[in-house]
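One file, query-v1.cif, carrying mmCIF, C-alpha atoms:
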```
data_protein
loop_
_atom_site.label_atom_id
_atom_site.label_comp_id
_atom_site.auth_asym_id
_atom_site.auth_seq_id
_atom_site.Cartn_x
_atom_site.Cartn_y
_atom_site.Cartn_z
CA MET A 1 -23.16 9.14 2.17
CA ASN A 2 -25.80 6.54 1.45
CA TYR A 3 -25.39 4.03 4.28
CA GLY A 4 -27.99 1.62 2.92
CA LYS A 5 -26.07 1.35 -0.32
CA GLU A 6 -22.78 0.63 1.49
CA PHE A 7 -24.46 -2.28 3.21
CA LEU A 8 -26.36 -3.70 0.25
CA LYS A 9 -23.59 -3.60 -2.36
CA GLY A 10 -21.70 -6.51 -0.75
CA LEU A 11 -24.66 -8.87 -0.82
CA ILE A 12 -25.09 -9.41 -4.54
CA GLN A 13 -23.79 -6.60 -6.73
CA GLU A 14 -20.21 -6.75 -5.41
CA ASN A 15 -20.39 -10.15 -3.73
CA PRO A 16 -16.82 -10.83 -2.59
CA VAL A 17 -16.76 -14.49 -3.67
CA LEU A 18 -19.10 -14.81 -6.63
CA VAL A 19 -18.35 -11.49 -8.30
CA SER A 20 -14.99 -10.23 -7.02
CA LEU A 21 -13.50 -13.75 -6.64
CA LEU A 22 -11.80 -13.02 -3.33
CA GLY A 23 -11.30 -15.42 -0.43
CA MET A 24 -11.22 -18.53 -2.57
CA CYS A 25 -9.29 -20.71 -0.08
CA PRO A 26 -11.98 -20.87 2.64
CA THR A 27 -14.72 -20.93 0.00
CA LEU A 28 -13.33 -24.17 -1.38
CA ALA A 29 -12.04 -25.72 1.82
CA VAL A 30 -14.82 -25.43 4.41
CA THR A 31 -17.94 -25.79 2.26
CA THR A 32 -18.40 -29.55 2.56
CA GLY A 33 -21.54 -28.75 4.56
CA ALA A 34 -24.02 -25.87 4.79
CA PHE A 35 -23.47 -25.47 8.54
CA ASN A 36 -19.69 -25.14 8.15
CA GLY A 37 -20.27 -22.55 5.45
CA ILE A 38 -22.48 -20.43 7.70
CA GLY A 39 -20.06 -20.80 10.63
CA MET A 40 -17.07 -19.76 8.59
CA GLY A 41 -19.03 -16.92 6.98
CA LEU A 42 -20.26 -15.48 10.26
CA SER A 43 -16.81 -15.78 11.90
CA THR A 44 -15.28 -13.91 8.97
CA MET A 45 -18.07 -11.33 9.12
CA PHE A 46 -17.35 -10.70 12.81
CA VAL A 47 -13.65 -10.15 12.14
CA LEU A 48 -14.43 -8.01 9.10
CA ILE A 49 -16.82 -5.67 10.96
CA CYS A 50 -14.50 -5.27 13.97
CA SER A 51 -11.32 -4.77 11.95
CA ASN A 52 -13.07 -2.33 9.60
CA ILE A 53 -14.23 -0.22 12.57
CA VAL A 54 -10.81 -0.17 14.27
CA ILE A 55 -8.89 0.51 11.05
CA SER A 56 -11.31 3.27 10.16
CA LEU A 57 -10.88 4.87 13.61
CA LEU A 58 -7.10 4.67 13.30
CA ARG A 59 -6.97 5.66 9.64
CA ARG A 60 -5.21 8.97 10.37
CA ALA A 61 -2.82 7.45 12.94
CA ILE A 62 -1.44 4.58 10.85
CA PRO A 63 1.60 5.68 8.81
CA GLN A 64 1.43 4.80 5.14
CA GLN A 65 4.73 2.84 5.12
CA VAL A 66 3.76 0.33 7.80
CA LYS A 67 0.04 0.08 7.10
CA LEU A 68 0.13 -3.58 6.10
CA PRO A 69 1.75 -4.87 9.33
CA CYS A 70 -0.66 -2.65 11.30
CA TYR A 71 -3.71 -4.05 9.50
CA ILE A 72 -2.46 -7.60 9.95
CA VAL A 73 -1.97 -7.20 13.70
CA ILE A 74 -5.44 -5.67 14.13
CA ILE A 75 -7.02 -8.45 12.07
CA ALA A 76 -5.04 -11.21 13.83
CA SER A 77 -6.17 -9.92 17.24
CA PHE A 78 -9.83 -10.22 16.28
CA VAL A 79 -9.16 -13.65 14.79
CA THR A 80 -7.74 -14.77 18.15
CA LEU A 81 -10.92 -13.46 19.79
CA ILE A 82 -13.26 -15.33 17.43
CA GLN A 83 -11.17 -18.49 17.90
CA PHE A 84 -11.86 -18.33 21.63
CA LEU A 85 -15.57 -17.67 21.05
CA VAL A 86 -16.02 -20.50 18.55
CA HIS A 87 -13.94 -22.90 20.64
CA GLY A 88 -16.02 -22.06 23.71
CA PHE A 89 -19.53 -21.99 22.26
CA VAL A 90 -19.47 -24.20 19.13
CA PRO A 91 -16.66 -26.73 19.69
CA ALA A 92 -17.90 -28.98 16.85
CA LEU A 93 -17.52 -26.12 14.39
CA TYR A 94 -14.06 -25.33 15.80
CA THR A 95 -12.93 -28.88 15.01
CA SER A 96 -14.41 -29.01 11.52
CA LEU A 97 -13.06 -25.62 10.42
CA GLY A 98 -9.56 -26.56 11.63
CA ALA A 99 -6.76 -24.25 10.61
CA PHE A 100 -9.03 -22.21 8.36
CA LEU A 101 -10.50 -20.39 11.34
CA GLU A 102 -7.01 -19.12 12.14
CA LEU A 103 -6.35 -18.42 8.47
CA ILE A 104 -9.10 -15.77 8.45
CA THR A 105 -6.08 -13.56 9.27
CA VAL A 106 -4.84 -13.82 5.71
CA ASN A 107 -8.25 -13.80 4.02
CA CYS A 108 -7.88 -11.28 1.23
CA ILE A 109 -11.47 -10.04 1.60
CA ILE A 110 -10.59 -8.56 4.99
CA LEU A 111 -7.28 -7.01 3.92
CA GLY A 112 -8.92 -5.84 0.72
CA ARG A 113 -11.76 -4.05 2.54
CA ALA A 114 -9.28 -2.51 4.99
CA GLU A 115 -7.25 -1.15 2.10
CA MET A 116 -10.08 -0.17 -0.22
CA PHE A 117 -12.73 1.05 2.20
CA ALA A 118 -11.99 1.31 5.92
CA SER A 119 -8.80 3.32 5.43
CA LYS A 120 -10.76 5.97 3.51
CA ASN A 121 -14.18 6.12 5.19
CA ASN A 122 -15.78 6.83 8.57
CA PRO A 123 -16.38 4.05 11.15
CA ILE A 124 -20.15 3.79 10.61
CA ALA A 125 -19.83 3.37 6.86
CA SER A 126 -16.94 0.95 7.39
CA ALA A 127 -18.97 -1.18 9.81
CA LEU A 128 -21.86 -1.33 7.34
CA ASP A 129 -19.48 -2.16 4.50
CA GLY A 130 -17.99 -4.96 6.63
CA ALA A 131 -21.44 -6.27 7.54
CA GLY A 132 -22.57 -6.27 3.91
CA MET A 133 -19.43 -7.90 2.58
CA GLY A 134 -19.42 -10.42 5.43
CA LEU A 135 -23.05 -11.30 4.79
CA GLY A 136 -22.34 -11.64 1.06
CA PHE A 137 -19.46 -13.99 1.90
CA THR A 138 -21.72 -15.98 4.24
CA LEU A 139 -24.42 -16.25 1.56
CA ALA A 140 -21.93 -17.53 -1.00
CA LEU A 141 -20.47 -20.07 1.44
CA PHE A 142 -23.96 -21.17 2.48
CA LEU A 143 -24.93 -21.68 -1.18
CA MET A 144 -21.74 -23.66 -1.93
CA GLY A 145 -22.09 -25.68 1.27
CA SER A 146 -25.76 -26.48 0.59
CA ILE A 147 -25.09 -27.70 -2.95
CA ARG A 148 -22.14 -29.83 -1.89
CA GLU A 149 -23.88 -31.26 1.15
CA ILE A 150 -27.15 -32.10 -0.65
CA PHE A 151 -25.46 -33.82 -3.60
CA GLY A 152 -22.47 -35.20 -1.73
CA SER A 153 -23.95 -36.49 1.52
CA GLY A 154 -27.71 -36.39 0.86
CA THR A 155 -28.27 -34.14 3.87
CA TRP A 156 -28.88 -30.43 4.42
CA MET A 157 -27.81 -28.75 7.65
CA GLY A 158 -27.48 -32.28 9.04
CA LEU A 159 -31.06 -33.28 8.13
CA SER A 160 -31.54 -35.97 5.51
CA VAL A 161 -33.00 -34.78 2.21
CA PRO A 162 -35.88 -36.93 0.94
CA GLY A 163 -35.12 -38.71 -2.31
CA MET A 164 -31.36 -38.32 -2.04
CA ALA A 165 -30.70 -41.48 -0.03
CA GLY A 166 -28.64 -43.90 -2.11
CA HIS A 167 -28.18 -41.34 -4.89
CA THR A 168 -25.34 -39.30 -3.45
CA ILE A 169 -22.32 -38.33 -5.55
CA SER A 170 -19.39 -38.43 -3.15
CA LEU A 171 -17.26 -36.38 -5.55
CA PHE A 172 -19.09 -33.28 -4.31
CA VAL A 173 -17.66 -33.51 -0.81
CA MET A 174 -14.17 -34.31 -2.11
CA PRO A 175 -11.69 -31.50 -2.84
CA ALA A 176 -12.26 -31.82 -6.59
CA GLY A 177 -15.98 -31.23 -6.04
CA GLY A 178 -15.17 -27.87 -4.47
CA PHE A 179 -13.51 -26.59 -7.63
CA LEU A 180 -16.29 -28.05 -9.78
CA THR A 181 -19.15 -26.57 -7.73
CA LEU A 182 -17.53 -23.13 -7.56
CA GLY A 183 -16.95 -23.12 -11.32
CA PHE A 184 -20.61 -23.91 -12.00
CA VAL A 185 -21.93 -21.50 -9.36
CA ILE A 186 -19.90 -18.58 -10.77
CA ALA A 187 -21.01 -19.39 -14.33
CA ILE A 188 -24.68 -19.62 -13.30
CA VAL A 189 -24.53 -16.41 -11.23
CA CYS A 190 -23.05 -14.63 -14.25
CA ALA A 191 -25.78 -16.03 -16.49
CA ILE A 192 -28.54 -14.88 -14.13
CA SER A 193 -27.08 -11.41 -13.73
CA ASN A 194 -26.41 -11.25 -17.47
CA ARG A 195 -22.68 -10.56 -17.20
CA LYS A 196 -19.64 -12.14 -18.80
CA PRO A 197 -17.76 -14.45 -16.44
CA PRO A 198 -14.61 -12.82 -15.03
CA LYS A 199 -11.29 -13.53 -16.71
CA LYS A 200 -9.06 -12.95 -13.73
CA LEU A 201 -9.17 -13.19 -9.98
CA GLY A 202 -10.32 -10.04 -8.22
CA CYS A 203 -6.80 -9.16 -7.20
CA ALA A 204 -7.20 -5.46 -7.86
CA ALA A 205 -8.65 -4.99 -4.39
CA CYS A 206 -5.86 -6.89 -2.70
CA PRO A 207 -2.81 -5.00 -1.42
CA ASN A 208 -0.69 -8.06 -2.23
CA ALA A 209 -1.73 -8.40 -5.82
CA ALA A 210 1.73 -7.60 -7.11
CA SER A 211 3.28 -10.56 -5.33
CA CYS A 212 0.96 -13.39 -6.26
CA GLY A 213 -1.01 -14.28 -9.33
CA ALA A 214 -1.77 -10.80 -10.58
CA GLY A 215 1.95 -10.05 -10.50
CA CYS A 216 2.64 -12.94 -12.87
CA GLU A 217 -0.05 -11.80 -15.26
CA GLU A 218 1.38 -8.31 -15.29
CA ALA A 219 4.85 -9.71 -15.91
CA ASP A 220 3.45 -11.54 -18.94
CA ALA A 221 1.77 -8.53 -20.41
CA MET B 1 12.27 -42.75 9.35
CA SER B 2 8.92 -44.11 8.20
CA THR B 3 7.17 -41.03 9.60
CA TYR B 4 9.35 -38.88 7.38
CA ILE B 5 8.39 -40.91 4.31
CA THR B 6 4.71 -40.70 5.27
CA ILE B 7 5.01 -36.92 5.66
CA ILE B 8 6.70 -36.58 2.28
CA ILE B 9 4.15 -38.69 0.41
CA ALA B 10 1.24 -36.94 2.10
CA ALA B 11 2.64 -33.46 1.50
CA VAL B 12 3.38 -33.94 -2.19
CA LEU B 13 0.81 -36.43 -3.43
CA THR B 14 -2.02 -37.71 -1.25
CA ASN B 15 -2.77 -34.51 0.66
CA ASN B 16 -1.42 -32.07 -1.87
CA PHE B 17 -1.18 -28.62 -0.35
CA VAL B 18 -3.18 -26.91 -3.08
CA LEU B 19 -5.36 -29.56 -4.65
CA SER B 20 -6.68 -31.23 -1.54
CA LYS B 21 -5.97 -28.82 1.31
CA PHE B 22 -6.79 -25.62 -0.57
CA TYR B 23 -3.92 -23.53 0.74
CA GLY B 24 -2.64 -20.85 -1.63
CA ILE B 25 -5.50 -20.95 -4.14
CA CYS B 26 -4.98 -17.33 -5.22
CA PRO B 27 -1.51 -17.80 -6.72
CA PHE B 28 -2.57 -21.20 -8.04
CA LEU B 29 -5.53 -19.83 -10.00
CA GLY B 30 -3.89 -16.53 -10.81
CA VAL B 31 -0.72 -18.16 -12.05
CA SER B 32 0.23 -17.27 -15.55
CA LYS B 33 0.40 -19.61 -18.48
CA LYS B 34 4.14 -19.01 -18.51
CA LEU B 35 6.12 -21.93 -17.17
CA ASP B 36 9.01 -19.93 -15.74
CA SER B 37 6.88 -17.59 -13.64
CA SER B 38 5.14 -20.57 -12.05
CA VAL B 39 8.55 -22.18 -11.40
CA GLY B 40 9.75 -18.89 -9.83
CA MET B 41 6.67 -18.58 -7.67
CA GLY B 42 6.96 -22.23 -6.59
CA ALA B 43 10.63 -21.84 -5.66
CA ALA B 44 9.93 -18.67 -3.68
CA VAL B 45 7.12 -20.40 -1.77
CA ILE B 46 9.32 -23.43 -0.90
CA PHE B 47 12.04 -21.08 0.33
CA VAL B 48 9.76 -18.88 2.43
CA MET B 49 7.88 -21.85 3.89
CA LEU B 50 11.14 -23.47 4.98
CA CYS B 51 12.42 -20.24 6.52
CA ALA B 52 9.09 -19.52 8.23
CA SER B 53 9.09 -22.99 9.79
CA ILE B 54 12.67 -22.59 11.01
CA VAL B 55 11.78 -19.29 12.70
CA THR B 56 8.33 -20.05 14.10
CA TYR B 57 9.10 -23.49 15.58
CA PRO B 58 11.53 -22.29 18.29
CA ILE B 59 9.36 -19.23 19.00
CA TYR B 60 6.38 -21.44 19.74
CA HIS B 61 8.18 -24.16 21.68
CA LEU B 62 10.75 -22.05 23.53
CA LEU B 63 8.85 -18.82 24.08
CA LEU B 64 5.06 -19.05 23.79
CA LYS B 65 4.63 -22.51 25.32
CA PRO B 66 6.71 -22.02 28.51
CA LEU B 67 5.05 -18.63 29.08
CA GLU B 68 1.59 -20.15 28.47
CA LEU B 69 0.90 -17.62 25.73
CA THR B 70 -0.01 -20.15 23.05
CA TYR B 71 -3.18 -18.21 22.22
CA LEU B 72 -0.95 -15.44 20.85
CA ARG B 73 0.20 -17.83 18.13
CA THR B 74 -1.74 -16.24 15.27
CA VAL B 75 -0.58 -12.69 16.02
CA ALA B 76 3.01 -13.76 16.72
CA PHE B 77 3.37 -15.98 13.64
CA ILE B 78 1.93 -13.54 11.13
CA LEU B 79 4.10 -10.72 12.48
CA ILE B 80 7.22 -12.89 12.43
CA ILE B 81 6.49 -14.01 8.88
CA ALA B 82 5.87 -10.43 7.76
CA VAL B 83 9.06 -9.12 9.34
CA PHE B 84 11.08 -12.10 8.22
CA VAL B 85 10.08 -11.93 4.57
CA GLN B 86 10.93 -8.27 4.56
CA LEU B 87 14.39 -8.98 6.05
CA LEU B 88 14.91 -11.79 3.60
CA GLU B 89 14.18 -9.46 0.73
CA ILE B 90 16.68 -6.86 1.94
CA MET B 91 19.39 -9.48 2.56
CA MET B 92 18.84 -11.16 -0.78
CA LYS B 93 19.05 -7.84 -2.58
CA LYS B 94 22.40 -7.08 -0.93
CA LEU B 95 24.05 -10.50 -0.83
CA MET B 96 22.59 -12.53 -3.70
CA PRO B 97 21.54 -10.20 -6.51
CA PRO B 98 21.10 -12.96 -9.14
CA LEU B 99 18.77 -14.92 -6.85
CA TYR B 100 16.95 -11.71 -6.01
CA ARG B 101 16.35 -11.00 -9.67
CA THR B 102 14.67 -14.38 -10.16
CA LEU B 103 12.75 -14.78 -6.89
CA GLY B 104 12.63 -11.21 -5.59
CA ILE B 105 9.43 -10.12 -7.31
CA TYR B 106 7.50 -12.93 -5.68
CA LEU B 107 8.83 -12.34 -2.19
CA PRO B 108 7.55 -9.07 -0.73
CA LEU B 109 4.05 -10.07 0.17
CA ILE B 110 4.05 -13.84 0.09
CA THR B 111 3.50 -12.94 3.73
CA THR B 112 -0.22 -12.97 3.39
CA ASN B 113 -0.36 -16.07 1.26
CA CYS B 114 -2.28 -18.53 3.41
CA ALA B 115 0.10 -21.37 2.44
CA VAL B 116 2.90 -19.91 4.56
CA LEU B 117 0.88 -19.28 7.72
CA GLY B 118 -0.95 -22.56 7.04
CA VAL B 119 2.19 -24.70 7.06
CA THR B 120 3.50 -23.19 10.30
CA ILE B 121 0.15 -23.82 12.01
CA MET B 122 0.07 -27.36 10.63
CA ASN B 123 3.55 -28.06 12.03
CA ILE B 124 2.34 -27.16 15.52
CA ASP B 125 -1.13 -28.74 15.34
CA ASP B 126 0.16 -32.07 14.04
CA GLY B 127 2.81 -32.16 16.76
CA TYR B 128 5.80 -32.44 14.44
CA SER B 129 9.36 -32.33 15.78
CA PHE B 130 11.76 -29.72 14.40
CA GLY B 131 13.10 -32.13 11.76
CA GLN B 132 9.62 -33.26 10.77
CA SER B 133 8.49 -29.63 10.52
CA LEU B 134 11.28 -28.83 8.10
CA VAL B 135 10.53 -31.89 5.96
CA ASN B 136 6.82 -31.06 6.04
CA ALA B 137 7.43 -27.43 5.05
CA GLY B 138 9.88 -28.27 2.27
CA PHE B 139 7.78 -30.98 0.71
CA SER B 140 4.49 -29.11 1.13
CA GLY B 141 6.18 -26.33 -0.81
CA LEU B 142 7.26 -28.89 -3.40
CA GLY B 143 3.66 -30.12 -3.61
CA PHE B 144 2.57 -26.52 -4.18
CA ALA B 145 5.20 -26.06 -6.89
CA LEU B 146 4.21 -29.35 -8.55
CA ALA B 147 0.53 -28.37 -8.64
CA MET B 148 1.42 -24.95 -10.06
CA LEU B 149 3.64 -26.49 -12.70
CA ILE B 150 1.07 -29.06 -13.83
CA PHE B 151 -1.67 -26.48 -13.81
CA SER B 152 0.24 -23.90 -15.83
CA GLY B 153 0.35 -26.48 -18.64
CA VAL B 154 -3.33 -27.34 -18.30
CA ARG B 155 -4.24 -23.67 -18.13
CA SER B 156 -2.52 -22.79 -21.37
CA ARG B 157 -4.51 -25.55 -23.13
CA VAL B 158 -7.75 -24.33 -21.58
CA ASP B 159 -7.03 -20.77 -22.68
CA ASP B 160 -6.19 -21.90 -26.20
CA ALA B 161 -9.48 -23.75 -26.44
CA GLU B 162 -11.50 -20.78 -25.22
CA GLU B 163 -13.09 -20.09 -28.60
CA ASN B 164 -14.75 -23.51 -28.53
CA SER B 165 -16.04 -23.45 -24.97
CA PRO B 166 -19.54 -22.29 -24.02
CA LYS B 167 -19.72 -18.52 -23.48
CA LEU B 168 -20.95 -18.94 -19.92
CA PHE B 169 -17.81 -20.75 -18.85
CA ARG B 170 -15.12 -18.69 -20.55
CA GLY B 171 -12.57 -17.38 -18.10
CA ILE B 172 -12.56 -18.30 -14.42
CA PRO B 173 -15.34 -20.96 -14.47
CA ALA B 174 -13.45 -22.99 -17.09
CA THR B 175 -10.22 -22.58 -15.09
CA LEU B 176 -11.97 -23.86 -11.95
CA ILE B 177 -13.40 -26.88 -13.76
CA ALA B 178 -9.95 -27.67 -15.17
CA ALA B 179 -8.60 -27.42 -11.61
CA ALA B 180 -11.30 -29.89 -10.53
CA ILE B 181 -10.07 -32.40 -13.12
CA VAL B 182 -6.43 -31.98 -12.03
CA SER B 183 -7.52 -32.40 -8.40
CA MET B 184 -9.48 -35.52 -9.37
CA SER B 185 -6.41 -37.00 -10.99
CA PHE B 186 -4.56 -36.59 -7.69
CA LEU B 187 -7.24 -38.75 -6.06
CA GLY B 188 -5.50 -41.61 -7.81
CA PHE B 189 -2.62 -41.32 -5.35
CA GLY B 190 -4.97 -42.02 -2.42
CA GLY B 191 -3.88 -44.89 -0.22
CA ILE B 192 -0.16 -44.64 -0.98
CA GLY B 193 1.99 -44.62 2.12
CA GLN B 194 -0.60 -45.91 4.56
#
```
Starting from the file, lay out its structure as structure tokens.
Amino acid sequence: MNYGKEFLKGLIQENPVLVSLLGMCPTLAVTTGAFNGIGMGLSTMFVLICSNIVISLLRRAIPQQVKLPCYIVIIASFVTLIQFLVHGFVPALYTSLGAFLELITVNCIILGRAEMFASKNNPIASALDGAGMGLGFTLALFLMGSIREIFGSGTWMGLSVPGMAGHTISLFVMPAGGFLTLGFVIAIVCAISNRKPPKKLGCAACPNAASCGAGCEEADA
Amino acid sequence: MSTYITIIIAAVLTNNFVLSKFYGICPFLGVSKKLDSSVGMGAAVIFVMLCASIVTYPIYHLLLKPLELTYLRTVAFILIIAVFVQLLEIMMKKLMPPLYRTLGIYLPLITTNCAVLGVTIMNIDDGYSFGQSLVNAGFSGLGFALAMLIFSGVRSRVDDAEENSPKLFRGIPATLIAAAIVSMSFLGFGGIGQ
């Protein structure tokens, strides 16, 4: 197995947000600033690496019928852990992320990687896959957060950006700006990588696809 | 009474669950152009959110809080929701087959929709009473359904106009930009109920 490849694929080629379109809720909600984006990304990455390792170790012990509740409990335990860590060490981040830190539990990137990768591969590969995907998620959130913070508040990582004072567009830090920025970022990423923009959400990787959007689309077809 | 009205207005209009709080984006963006599947999904979410709030509120206030185990909230809530939705599905199948046929397909794994866990956490964090929690859950669900309903109409127009839109934006980028415009229109409700 090529471990380097497992790590690198998540960064750009299979970036969970910009290419696979997973984990849209936190991507839109917490990216009003670059720092929040990094914080959310790294917290998710921590949970993703740990849950991938544990699920991979237990992959022969977890019965097929109850795998989803098992995954959710494992993931929720690590989320509780990261909540304590963030609350203790970065209280400002804890306040600004709000409920979304707790909602990492239901982030479909994590469940998706558990289902698609960790349940089929060894712990080392799973850890690297988690690290790569987590870093890809962090990169995407950092990019979104930077764009929204620079245009919306005229600052970057809390430092004021020269030339932006008095020219800020507050729409960017509003909820509508999240949708707008993500739309443009995905289009531009597709243009750079010379691909067609995706037609559907990346629900194929998600064990719940049948129940949400993808289910409706299948019902239509 | 006025707190109830404030909660209702915030949940449906000013702080819409999807368009300004970003809970449940996946079903919102993945929703089909078909009106009835978005109505079905919306109804199922309202129902599950109400039930989840009814079950999690006493667990938190009567069990976790007295035992000082509040940090177990995430694990406890997600497990309860998972088990509960599963039970609900079995009961519905047995007792209310017509309802099951309309809502059943959306039920099984609404579990991991962040809207459901999100509303139960919000009930606790905002310090709502049991009554306020129920109102909040019901009307947040209604806000979700409203956003889905409006967007399914917008989406079908966007898809029809695909031929005329720039190649770069066809598909998801155009959908996201349409969502931005719908979200912007909800900004107009800002300030109501304050």
Which of A:Phe89, A:Phe46, A:Phe35, A:Phe137 sits closest to Leu22 of chain A [using all atoms listed in the file]: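 So, comparing all the options, the nearest one is A:Phe137.
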Kindly provide, as a PyMOL selection string, the residues of chain B having any atom no farther than 8 Å from an atom of chain A, counting only C-alpha atoms. chain B and resi 19-32+34+37+41+71-72+74-75+78-79+82+105-110+112-114+117-118+121-122+167-177+179-184
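Every protein or nucleic acid residue with an atom no more than 10 Å from Arg60 of chain A, counting all atoms listed in the file and leaving out same-chain residues fewer than 4 positions away, appears here: A:Ile55, A:Ser56, A:Gln64, A:Ser119, A:Lys120.
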Computed interatomic separation between atom CA of Pro123 of chain A and atom CA of His87 of chain A (Å): 28.7 Å
Excluding Gly163 of chain A and its own-chain neighbours fewer than 4 positions away, which residues fall within 10 Å of it when counting only C-alpha atoms? Please give them as an NGL selection string. :A and (154 or 167-168)
So the first atom is atom CA of Gly145 of chain A and the second is atom CA of Gly33 of chain A; what is the distance between them in Å, to one decimal place?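 Distance between the two atoms: 4.5 Å.
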Translate the PyMOL selection byres ((chain A and resi 148) around 7) into a concrete residue list for this structure, as a VMD selection string. chain A and resid 32 to 33 144 to 147 149 to 152 172 to 173
